[in-house]
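Structure file work-v9.txt (compact mmCIF, C-alpha atoms) follows.
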```
# COMPACT_ATOMS: atom_id res chain seq x y z
CA MET B 366 57.14 87.60 51.56
CA PHE B 367 55.64 84.11 51.13
CA PRO B 368 53.92 82.24 54.03
CA ALA B 369 55.70 79.37 55.64
CA ALA B 370 55.27 76.02 53.89
CA GLY B 371 53.61 74.24 56.88
CA SER B 372 51.30 77.04 57.99
CA HIS B 373 48.10 75.49 56.34
CA SER B 374 48.98 71.83 56.78
CA LEU B 375 47.69 71.49 60.34
CA PRO B 376 44.17 72.92 59.70
CA LEU B 377 43.86 70.86 56.53
CA CYS B 378 44.81 67.65 58.38
CA GLY B 379 42.25 68.45 61.10
CA LEU B 380 39.51 68.89 58.52
CA VAL B 381 40.36 65.52 56.96
CA LEU B 382 40.32 63.76 60.31
CA LEU B 383 37.02 65.43 61.20
CA ALA B 384 35.47 64.31 57.92
CA VAL B 385 36.67 60.74 58.46
CA LEU B 386 35.35 60.75 62.01
CA LEU B 387 31.95 62.03 60.91
CA GLN B 388 31.80 59.45 58.16
CA SER B 389 32.64 56.65 60.66
CA VAL B 390 29.99 57.82 63.11
CA LEU B 391 27.40 58.01 60.32
CA PHE B 392 28.32 54.51 59.17
CA ALA B 393 28.12 53.13 62.70
CA VAL B 394 24.72 54.75 63.32
CA THR B 395 23.44 53.46 59.99
CA TYR B 396 24.74 49.92 60.74
CA VAL B 397 23.15 49.82 64.19
CA TYR B 398 19.85 51.16 62.85
CA PHE B 399 19.55 48.65 60.02
CA THR B 400 20.73 45.79 62.28
CA ASN B 401 17.94 46.55 64.77
CA GLU B 402 15.42 46.83 61.97
CA ILE B 403 16.45 43.48 60.51
CA LYS B 404 16.33 41.88 63.96
CA GLN B 405 12.83 43.22 64.59
CA LEU B 406 11.67 41.99 61.20
CA HIS B 407 13.10 38.55 61.95
CA GLU B 408 11.43 38.40 65.36
CA ASN B 409 8.11 39.54 63.92
CA TYR B 410 8.39 36.88 61.23
CA ILE B 411 9.00 34.12 63.74
CA ARG B 412 6.32 35.42 66.10
CA ASN B 413 3.76 35.59 63.32
CA ASN B 414 4.63 32.06 62.14
CA ILE B 415 4.26 30.65 65.66
CA ALA B 416 0.99 32.53 66.08
CA CYS B 417 -0.28 30.92 62.91
CA LEU B 418 0.33 27.47 64.41
CA VAL B 419 -0.87 28.21 67.96
CA ASP B 420 -3.87 30.46 67.51
CA GLU B 421 -5.55 28.44 64.76
CA ASP B 422 -6.20 24.76 64.22
CA LEU B 423 -4.32 23.03 61.43
CA ARG B 424 -6.31 21.16 58.83
CA ASP B 425 -6.04 17.41 58.47
CA VAL B 426 -2.37 16.71 57.78
CA SER B 427 -3.28 13.50 55.97
CA GLN B 428 -5.00 15.48 53.19
CA THR B 429 -3.29 17.32 50.39
CA ALA B 430 -3.39 21.10 50.67
CA ASP B 431 -5.70 22.71 48.10
CA ILE B 432 -4.30 26.10 47.09
CA GLY B 433 -7.66 27.17 45.72
CA ASP B 434 -9.37 26.82 49.09
CA VAL B 435 -7.67 29.88 50.65
CA ASP B 436 -7.12 33.38 49.42
CA GLU B 437 -3.46 34.11 50.03
CA LYS B 438 -4.05 37.86 50.24
CA GLU B 439 -6.70 37.50 52.95
CA ASP B 440 -4.86 34.89 55.07
CA PRO B 441 -1.23 35.79 55.91
CA CYS B 442 -0.80 32.44 57.70
CA TRP B 443 -1.78 30.48 54.61
CA ALA B 444 1.79 29.98 53.39
CA VAL B 445 3.09 28.85 56.79
CA LYS B 446 0.31 26.29 57.33
CA THR B 447 0.46 25.03 53.77
CA HIS B 448 4.23 24.46 53.82
CA LEU B 449 4.05 22.71 57.19
CA GLN B 450 1.14 20.58 55.99
CA ILE B 451 3.05 19.49 52.88
CA LEU B 452 6.16 18.68 54.96
CA ILE B 453 4.20 16.54 57.44
CA ARG B 454 2.45 14.68 54.64
CA LYS B 455 5.78 13.93 52.93
CA ILE B 456 7.14 12.46 56.18
CA LEU B 457 4.03 10.32 56.70
CA MET B 458 4.05 9.16 53.11
CA SER B 459 7.70 8.15 53.28
CA ASN B 460 7.12 6.14 56.49
CA TYR B 461 3.70 4.58 55.91
CA GLY B 462 2.90 4.82 52.21
CA ARG B 463 -0.22 6.29 50.68
CA ASP B 464 -2.88 4.56 52.81
CA ILE B 465 -2.15 6.52 55.99
CA THR B 466 -5.67 6.24 57.41
CA SER B 467 -5.67 2.43 57.40
CA VAL B 468 -2.23 2.35 59.04
CA ILE B 469 -3.41 4.65 61.85
CA ARG B 470 -6.52 2.53 62.41
CA GLU B 471 -4.36 -0.58 62.60
CA LYS B 472 -2.01 0.98 65.16
CA VAL B 473 -4.92 2.18 67.31
CA ALA B 474 -6.58 -1.25 67.16
CA GLN B 475 -3.44 -2.80 68.62
CA LEU B 476 -3.69 -0.63 71.75
CA PRO B 477 -5.75 -2.10 74.62
CA PRO B 478 -8.74 -0.09 75.83
CA LEU B 479 -8.16 2.07 78.87
CA ALA B 480 -10.29 -0.12 81.15
CA ALA B 481 -8.57 -3.28 79.92
CA ALA B 482 -5.16 -1.71 80.42
CA GLY B 483 -6.03 -0.93 84.02
CA LYS B 484 -7.03 -4.53 84.63
CA GLN B 485 -3.87 -5.87 83.01
CA ALA B 486 -1.74 -3.79 85.37
CA TYR B 487 -2.66 -6.26 88.14
CA SER B 488 -3.62 -9.66 86.75
CA GLY B 489 -3.49 -11.48 90.11
CA GLN B 490 -6.53 -12.12 92.26
CA LEU B 491 -7.04 -10.40 95.58
CA ILE B 492 -6.23 -12.81 98.40
CA ALA B 493 -7.22 -11.30 101.74
CA ALA B 494 -9.58 -11.59 104.68
CA HIS B 495 -10.60 -9.33 107.53
CA VAL B 496 -12.71 -10.77 110.33
CA THR B 497 -14.35 -8.77 113.11
CA GLY B 498 -16.00 -9.55 116.41
CA SER B 499 -19.71 -10.24 116.69
CA ASN B 500 -20.49 -7.22 118.89
CA GLY B 501 -21.02 -9.21 122.06
CA LYS B 502 -19.20 -11.06 124.76
CA ALA B 503 -17.11 -14.08 123.91
CA LYS B 504 -18.38 -17.34 125.29
CA SER B 505 -16.98 -17.30 128.80
CA SER B 506 -18.35 -20.78 129.42
CA LEU B 507 -16.40 -22.22 126.51
CA GLN B 508 -14.08 -24.87 127.91
CA ARG B 509 -10.69 -25.44 126.41
CA PRO B 510 -10.53 -28.91 124.79
CA LEU B 511 -8.62 -31.42 126.86
CA ASN B 512 -6.52 -32.51 123.90
CA ALA B 513 -5.74 -28.95 122.79
CA LYS B 514 -2.08 -28.52 121.95
CA TYR B 515 -2.09 -24.75 122.10
CA ASN B 516 -2.11 -22.17 124.88
CA GLY B 517 -5.13 -20.08 125.84
CA HIS B 518 -8.67 -20.23 124.53
CA LYS B 519 -9.45 -20.10 120.83
CA ILE B 520 -11.82 -17.31 119.76
CA THR B 521 -14.58 -18.66 117.52
CA GLU B 522 -17.22 -15.88 117.76
CA TRP B 523 -16.16 -14.15 114.55
CA THR B 524 -18.81 -12.73 112.27
CA GLU B 525 -18.87 -13.13 108.50
CA ASN B 526 -21.06 -10.07 108.06
CA ALA B 527 -19.79 -6.64 107.07
CA PRO B 528 -17.33 -5.13 107.76
CA SER B 529 -15.80 -8.63 107.58
CA PHE B 530 -14.85 -9.75 104.09
CA PHE B 531 -13.22 -12.77 102.45
CA SER B 532 -11.45 -13.04 99.12
CA ASN B 533 -9.90 -16.43 98.28
CA ILE B 534 -9.55 -17.17 102.01
CA ARG B 535 -12.20 -19.17 103.89
CA ILE B 536 -12.97 -19.35 107.61
CA HIS B 537 -14.34 -22.29 109.54
CA SER B 538 -14.66 -22.80 113.30
CA GLY B 539 -12.64 -19.66 113.98
CA GLU B 540 -9.78 -20.73 111.69
CA MET B 541 -8.71 -19.15 108.39
CA LEU B 542 -7.99 -21.66 105.64
CA ILE B 543 -5.20 -20.64 103.27
CA GLN B 544 -5.83 -21.58 99.64
CA LYS B 545 -2.64 -20.25 98.01
CA SER B 546 0.97 -20.54 99.19
CA GLY B 547 2.95 -17.34 99.70
CA LEU B 548 4.08 -14.67 102.11
CA TYR B 549 1.18 -13.31 104.17
CA TYR B 550 0.88 -10.35 106.49
CA ILE B 551 -1.11 -11.53 109.52
CA TYR B 552 -2.51 -9.15 112.15
CA ALA B 553 -4.73 -9.50 115.21
CA GLN B 554 -6.18 -7.30 117.91
CA THR B 555 -8.19 -8.32 120.98
CA TYR B 556 -10.09 -6.03 123.31
CA PHE B 557 -10.15 -6.85 127.03
CA ARG B 558 -13.01 -5.39 129.09
CA HIS B 559 -13.32 -6.49 132.68
CA GLN B 560 -15.34 -5.42 135.68
CA ASP B 561 -13.24 -6.88 138.47
CA THR B 562 -14.92 -7.66 141.76
CA GLU B 563 -11.89 -9.36 143.19
CA GLU B 564 -9.34 -7.65 145.35
CA ALA B 565 -6.53 -8.30 142.91
CA LYS B 566 -6.49 -5.79 140.09
CA VAL B 567 -3.41 -7.11 138.32
CA LYS B 568 -4.08 -9.07 135.14
CA GLN B 569 -1.75 -10.82 132.75
CA LEU B 570 -3.12 -10.56 129.21
CA VAL B 571 -1.75 -12.82 126.49
CA GLN B 572 -2.67 -13.05 122.82
CA TYR B 573 -1.42 -15.80 120.50
CA VAL B 574 -1.61 -16.36 116.75
CA TYR B 575 -1.20 -20.02 115.79
CA LYS B 576 -0.63 -21.90 112.56
CA VAL B 577 -1.72 -25.46 111.85
CA THR B 578 0.16 -27.13 109.00
CA THR B 579 0.43 -30.63 107.60
CA ARG B 580 4.19 -30.40 108.00
CA TYR B 581 3.95 -30.57 111.81
CA THR B 582 1.74 -32.45 114.22
CA ASP B 583 1.19 -29.67 116.75
CA PRO B 584 0.10 -26.08 116.10
CA LEU B 585 2.97 -23.59 115.81
CA VAL B 586 3.03 -20.21 117.55
CA LEU B 587 3.50 -17.45 114.96
CA MET B 588 3.12 -14.48 117.32
CA LYS B 589 2.70 -13.85 121.03
CA ASN B 590 2.03 -10.59 122.84
CA VAL B 591 2.00 -10.37 126.64
CA LYS B 592 1.10 -7.44 128.88
CA THR B 593 0.61 -7.10 132.61
CA THR B 594 -1.91 -4.43 133.52
CA CYS B 595 -3.05 -2.90 136.77
CA TRP B 596 -6.52 -1.36 136.64
CA SER B 597 -7.61 1.39 138.96
CA GLN B 598 -10.11 0.43 141.67
CA SER B 599 -11.99 3.67 141.01
CA ALA B 600 -12.63 2.73 137.36
CA GLU B 601 -15.89 1.00 136.52
CA TYR B 602 -14.17 -1.13 133.89
CA GLY B 603 -10.65 -2.17 133.14
CA LEU B 604 -9.98 -1.67 129.42
CA HIS B 605 -7.00 -2.76 127.39
CA SER B 606 -6.19 -4.01 123.91
CA ILE B 607 -3.35 -6.02 122.38
CA TYR B 608 -2.27 -5.74 118.75
CA GLN B 609 0.38 -7.62 116.84
CA GLY B 610 1.26 -8.28 113.21
CA GLY B 611 3.95 -9.81 111.04
CA VAL B 612 4.81 -11.48 107.71
CA PHE B 613 4.94 -15.29 107.53
CA GLN B 614 5.27 -18.01 104.94
CA LEU B 615 2.03 -19.93 104.63
CA TYR B 616 1.25 -22.91 102.42
CA GLU B 617 -1.92 -24.19 100.82
CA ASP B 618 -4.24 -25.85 103.35
CA ASP B 619 -2.53 -24.17 106.32
CA ARG B 620 -4.88 -22.85 109.01
CA ILE B 621 -4.38 -19.93 111.39
CA PHE B 622 -6.35 -18.89 114.48
CA VAL B 623 -6.21 -16.55 117.51
CA THR B 624 -6.21 -17.50 121.19
CA VAL B 625 -6.21 -15.45 124.40
CA SER B 626 -5.25 -16.23 127.97
CA ASP B 627 -8.70 -15.43 129.40
CA ILE B 628 -11.63 -15.51 126.99
CA SER B 629 -14.10 -14.49 129.69
CA ILE B 630 -12.95 -10.85 129.57
CA ILE B 631 -12.83 -10.49 125.76
CA ASP B 632 -15.27 -7.95 124.30
CA MET B 633 -16.16 -8.83 120.69
CA ASP B 634 -16.71 -5.24 119.57
CA GLU B 635 -16.19 -5.31 115.79
CA LYS B 636 -14.15 -2.11 115.93
CA ALA B 637 -11.83 -3.35 118.68
CA THR B 638 -11.52 -7.13 118.27
CA PHE B 639 -10.54 -8.25 114.80
CA TRP B 640 -7.90 -10.08 112.80
CA GLY B 641 -6.98 -10.80 109.22
CA ALA B 642 -4.41 -11.73 106.63
CA PHE B 643 -3.50 -10.81 103.06
CA LEU B 644 -1.05 -12.12 100.50
CA VAL B 645 2.08 -10.01 100.16
CA ASN B 646 3.98 -12.06 97.59
```
Step by step, read the file and then write its structure as structure tokens.
Amino acid sequence: MFPAAGSHSLPLCGLVLLAVLLQSVLFAVTYVYFTNEIKQLHENYIRNNIACLVDEDLRDVSQTADIGDVDEKEDPCWAVKTHLQILIRKILMSNYGRDITSVIREKVAQLPPLAAAGKQAYSGQLIAAHVTGSNGKAKSSLQRPLNAKYNGHKITEWTENAPSFFSNIRIHSGEMLIQKSGLYYIYAQTYFRHQDTEEAKVKQLVQYVYKVTTRYTDPLVLMKNVKTTCWSQSAEYGLHSIYQGGVFQLYEDDRIFVTVSDISIIDMDEKATFWGAFLVN
């Protein structure tokens, strides 16, 4: 008897499928292996090229590379640096011509020195003044002029010694003379120190900042600060200070000064009684 026609077909088909499967797996493994190898070679190539540019200094890019200067076998970075050097030189030559050195010197000569550049950043002159007390008592015997058209007593005991300073602003008879028109920030502080022997311990303290201008006959009040204080009878001294400041338009030849309601109790301590002004715009 002969075997059935399909008795060997199933094992044969299985062997074929197994061979195809093994061949596919081998191809996939081979593809993955060589892909990783190529990737690693590519990364090593890039890493080595970057290392050639980072770890070592390039020669002068304005000079032509001399192949005889370097042994290619001993320096693996030679080709990378040489090709980059030639490329940079071609770009410079196309933009500036052959005399690159003279062009660079000309460009550098056009740049201002660092110190000069710092000065050019602010070309305007400093316009400011800060005036302090003379470290003593204000003149309590100073009488207010009969024809004075301002309130209080003008303080004139300002010192021109340090820490006072003047820059394009002058002071005369307790008045600042403005030499340039503009917006000024004006500030003032007065220090009241009083040993009261009277029964009344309540004091009204007033500080004024005035402006004298040719545009008006009488002085104009720029600022006024008023405080009512009550000093303790157990305290040896009554101490208080008033500060005020603001921005005002001043013109050339204007004058400003400070007055207080009672000059007899003003202490001219340079750290506590002072005033000043500076140009804002």
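As for atom CA of B:Leu542 and atom CA of B:Lys519, they are spaced 15.3 Å apart.
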Measure the distance from atom CA of B:Pro528 to atom CA of B:Lys636 in Å and round it to one decimal.
9.3 Å
So that each row is one residue of stretch 519-559 of chain B with an atom at most 9 Å from stretch 598-613 of chain B, can you give its shortest atom pair and the distance in Å to one decimal, using only C-alpha atoms, rows by chain and rising number, as JSON lines?
```
{"residue": "B:Gly547", "atom": "CA", "partner": "B:Phe613", "partner_atom": "CA", "distance": 8.3}
{"residue": "B:Leu548", "atom": "CA", "partner": "B:Phe613", "partner_atom": "CA", "distance": 5.5}
{"residue": "B:Tyr549", "atom": "CA", "partner": "B:Val612", "partner_atom": "CA", "distance": 5.4}
{"residue": "B:Tyr550", "atom": "CA", "partner": "B:Val612", "partner_atom": "CA", "distance": 4.3}
{"residue": "B:Ile551", "atom": "CA", "partner": "B:Gly610", "partner_atom": "CA", "distance": 5.5}
{"residue": "B:Tyr552", "atom": "CA", "partner": "B:Gly610", "partner_atom": "CA", "distance": 4.0}
{"residue": "B:Ala553", "atom": "CA", "partner": "B:Gln609", "partner_atom": "CA", "distance": 5.7}
{"residue": "B:Gln554", "atom": "CA", "partner": "B:Tyr608", "partner_atom": "CA", "distance": 4.3}
{"residue": "B:Thr555", "atom": "CA", "partner": "B:Ile607", "partner_atom": "CA", "distance": 5.5}
{"residue": "B:Tyr556", "atom": "CA", "partner": "B:Ser606", "partner_atom": "CA", "distance": 4.4}
{"residue": "B:Phe557", "atom": "CA", "partner": "B:His605", "partner_atom": "CA", "distance": 5.2}
{"residue": "B:Arg558", "atom": "CA", "partner": "B:Leu604", "partner_atom": "CA", "distance": 4.8}
{"residue": "B:His559", "atom": "CA", "partner": "B:Gly603", "partner_atom": "CA", "distance": 5.1}
```
Write out the residues from the selection above, keeping C-alpha atoms, as a tab-separated table (two decimals), in the coordinates of the input.
```tsv
chain	number	residue	atom	x	y	z
B	547	GLY	CA	2.95	-17.34	99.70
B	548	LEU	CA	4.08	-14.67	102.11
B	549	TYR	CA	1.18	-13.31	104.17
B	550	TYR	CA	0.88	-10.35	106.49
B	551	ILE	CA	-1.11	-11.53	109.52
B	552	TYR	CA	-2.51	-9.15	112.15
B	553	ALA	CA	-4.73	-9.50	115.21
B	554	GLN	CA	-6.18	-7.30	117.91
B	555	THR	CA	-8.19	-8.32	120.98
B	556	TYR	CA	-10.09	-6.03	123.31
B	557	PHE	CA	-10.15	-6.85	127.03
B	558	ARG	CA	-13.01	-5.39	129.09
B	559	HIS	CA	-13.32	-6.49	132.68
```
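Distance-wise, atom CA of B:Pro584 and atom CA of B:Gln490 end up 28.4 Å apart.
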Within 12 Å of B:Asp583, counting all atoms listed in the file, which residues qualify if same-chain residues fewer than 3 places away don't, as a ChimeraX atom specification?
/B:512-516,575-580,586,620
Written selection (C-alpha atoms) as a compact mmCIF listing (two decimals), in the coordinates of the input:
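Output saved as again_16.txt:
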```txt
# COMPACT_ATOMS: atom_id res chain seq x y z
CA ASN B 512 -6.52 -32.51 123.90
CA ALA B 513 -5.74 -28.95 122.79
CA LYS B 514 -2.08 -28.52 121.95
CA TYR B 515 -2.09 -24.75 122.10
CA ASN B 516 -2.11 -22.17 124.88
CA TYR B 575 -1.20 -20.02 115.79
CA LYS B 576 -0.63 -21.90 112.56
CA VAL B 577 -1.72 -25.46 111.85
CA THR B 578 0.16 -27.13 109.00
CA THR B 579 0.43 -30.63 107.60
CA ARG B 580 4.19 -30.40 108.00
CA VAL B 586 3.03 -20.21 117.55
CA ARG B 620 -4.88 -22.85 109.01
```
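Counting all atoms listed in the file, the residue from B:Ala393, B:Ala384, B:Leu570, B:Val645 that sits nearest to B:Ile628 is B:Leu570.
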Near B:His518, within 7 Å and counting only C-alpha atoms, which residues show up once chain neighbours fewer than 5 positions away are dropped, as a list in words?
Arg509, Thr624, Val625, Ser626, Asp627 and Ile628 of chain B
As lines of an AutoDock Vina configuration file, please: the centre and edge lengths in Å, to one decimal, of an axis-aligned box enclosing every listed atom of stretch 598-611 of chain B with 5 Å added on each side.
```
center_x = -6.0
center_y = -3.1
center_z = 126.4
size_x = 29.8
size_y = 23.5
size_z = 40.6
```
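The nearest approach to B:Ala493 among the residues B:Arg454, B:Lys446, B:Lys545, B:His537, with all atoms listed in the file taken into account, belongs to B:Lys545.
Of the listed residues (B:Ala527, B:Ile621, B:Val591, B:Leu585), B:Ile621 comes nearest to B:Glu540; the distances count only C-alpha atoms.
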